[in-house]
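All remarks here apply to the structure that follows.
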Amino acid sequence: MNVLVIGGGGREHAICHQLRRSPLLKKLFVLPGNAGTTSIATNIAGSATDIALALEVARRESIDLTIVGPEDPLAAGVVDAFQKAGRRIFGPSAAAARLESDKAFAKQLMRQYVVPTAEARVFDRYDLAHQYIATRDEALVVKAAGLAKGKGVIVCDDPSQALLAAEDMLVKRVFGDAGSRIVVEEKLDGREVSVLALVEGHTIALLEPARDYKRLRDDDAGPNTGGMGSYSRSDLIDEATMRLIESQIFVPLLDGLVREEIPYCGVLYAGLMLTPAGPKVLEFNCRFGDPETQALLMRLNSDLLVVVDAALNARLDEVTLAWDTRPSVCVVMAAPGYPDRPELGERIDGLSRVSESRDLAVFHAGTQLDAGRVITSGGRVLSVSAVGDSLTEAADRAYAVVENISFRGATYRRDIGRKN
Ligand code: AMP
Ligand code: GLY
């Protein structure tokens, strides 16, 4: 099969890396990819949200199957456009991708189909939001309903902070249209985990659980980011809780989507809080997580291309995913100034000294080639993923490589896989 991957981050590099192992793969293209993908795929210059270009590449290169990485092209309808053109593509339609691109819609659906989540109210007028928040005395979370590049969620310690957040979004429009509607919800306490599933209609193939480190600095200090690292291990969530997550969260949600006639095909990612009252949904994403995927795919022994192909043929029920039982850790290296003002264009040293193996991989994100040298070109620059007999061993392996890769101002956490 000729395959096109849409996106250019660490997640897409990891997907390409995994697809390369498949005996079914003929040619691999990535739009736009990064410096890391050039050695395993053909990079197509352009934007991941350029749907017309993606379609043109699919026709020109006789692409048999396309996999979408990021949320923006999904929300913009890349899947609908491909389906209309009779082309096979793995990901949800724009209507189904609203689960991520419209948090008010996601809340409404969860309420209607009794999926456990934080109690919430939706507002598009500041006076009404003010009236509501002013009567609360518990900690609240204020969220822009639209896509805000992972920045649109403000966890507030008290109502006065929540009022400011609501004003910023509804009045000052700091997130533009993404914040013209907000969700105000109760703050949940517990351990945060990511559970992803491959989904086709009613059929669910849960991936192993993963943990994402969202804050910039060690011990979960500093601002929220796209994710500074991740790990995956089987026992992150016990069997009984995984079954609850499937039966109380994925099953009713997918039933709801089928009933609403917006059937889902693609990856469904549940960001969960394991609260004392059971697992509750913080958010849904309609794609592979980044950087969860870089840790997860290191452990996947099944052929990703076979699995995705099965889902597109409505045969996902015949698939059993096989996993390496050992844990994996992914450490992200970011540019100085990330997430607000990353400084880019720095030369990266040490990459050629890394000896990659089945248990160790460097996944590029914001990198590009400049006269044959790899330079930084995005906030999250690259990540190192490793598998080990224990979480500590996996982390030690990843960090041994991280410490040998350098660029000016390289920023990374030192506690990935070492602290919960
Ligand atoms: P989201 O993009 O909705 O997942 O939110 C980003 C981050 O904010 C999550 O990963 C959590 O750490 C935090 N968060 C979101 N909603 C809540 C909530 N209801 N209670 C506590 N923390 C939350
Ligand atoms: N790691 C969080 C995300 O992919 O949204």
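Letters A, B, ... go to the chains of the structure tokens in the order shown; residues in each chain start at 1; ligands are counted from 1 in the same order.
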
What lies within 6 Å of Asp303 in chain A using only C-alpha atoms, ignoring chain neighbours under 2 positions off, as a short mmCIF file (atom, residue, chain, number, x, y, z; two decimals) with all heavy atoms, in the first residue's frame?
```cif
data_model
loop_
_atom_site.label_atom_id
_atom_site.label_comp_id
_atom_site.auth_asym_id
_atom_site.auth_seq_id
_atom_site.Cartn_x
_atom_site.Cartn_y
_atom_site.Cartn_z
N SER A 22 5.88 -2.35 8.50
CA SER A 22 4.84 -3.19 7.92
C SER A 22 5.27 -3.75 6.57
O SER A 22 5.63 -2.99 5.67
CB SER A 22 3.56 -2.39 7.75
OG SER A 22 2.62 -3.18 7.04
N LEU A 305 -0.42 -0.76 10.22
CA LEU A 305 -1.08 -0.63 8.91
C LEU A 305 -2.20 -1.68 8.76
O LEU A 305 -3.30 -1.36 8.27
CB LEU A 305 -0.04 -0.77 7.79
CG LEU A 305 -0.48 -0.42 6.38
CD1 LEU A 305 -1.24 0.90 6.32
CD2 LEU A 305 0.71 -0.40 5.44
N VAL A 306 -1.93 -2.89 9.22
CA VAL A 306 -2.95 -3.94 9.17
C VAL A 306 -4.16 -3.53 10.01
O VAL A 306 -5.32 -3.69 9.60
CB VAL A 306 -2.37 -5.29 9.69
CG1 VAL A 306 -3.47 -6.32 9.90
CG2 VAL A 306 -1.31 -5.81 8.71
#
```

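Residues in contact with ligand 2 (atom pairs separated by at most 6 Å; only C-alpha atoms and all ligand atoms) are Asp212, Gly226, Gly227, Gly289, Asp290, Pro291 and Glu292 of chain A.
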
- Could you please determine the separation between CA of Asp137 in chain A and CA of Pro159 in chain A in Å, to one decimal place? 6.4 Å

- Write down as a PyMOL selection string the residues belonging to range 132-174 of chain A that are assigned strand (DSSP E or B) by DSSP computed on the backbone. chain A and resi 140-144+153-155

Selection file, C-alpha atoms, as a PDB file, in the first residue's frame:
```
ATOM      1  CA  LEU A 140     -13.768  25.783  38.878  1.00  0.00           C
ATOM      2  CA  VAL A 141     -12.231  25.131  35.495  1.00  0.00           C
ATOM      3  CA  VAL A 142     -12.952  27.536  32.637  1.00  0.00           C
ATOM      4  CA  LYS A 143     -12.533  26.238  29.086  1.00  0.00           C
ATOM      5  CA  ALA A 144     -12.738  27.854  25.689  1.00  0.00           C
ATOM      6  CA  VAL A 153      -8.197  25.579  29.720  1.00  0.00           C
ATOM      7  CA  ILE A 154      -7.740  27.572  32.928  1.00  0.00           C
ATOM      8  CA  VAL A 155      -7.829  25.602  36.169  1.00  0.00           C
TER       9      VAL A 155
END
```

- Message: ligand 1: which residues are within 10 Å, counting only C-alpha atoms and all ligand atoms? Reply as a ChimeraX atom specification.
- Response: /A:100,103,117-120,139-145,147-156,183-194,212-215,220,224-227,270-273,275,280-285

- Message: Taking 5 positions as the minimum chain separation for residues in the same chain, which residues sit within 9 Å of Pro342 in chain A when counting only C-alpha atoms? Answer as number ranges by chain.
- Response: A: 334-337, 378-380
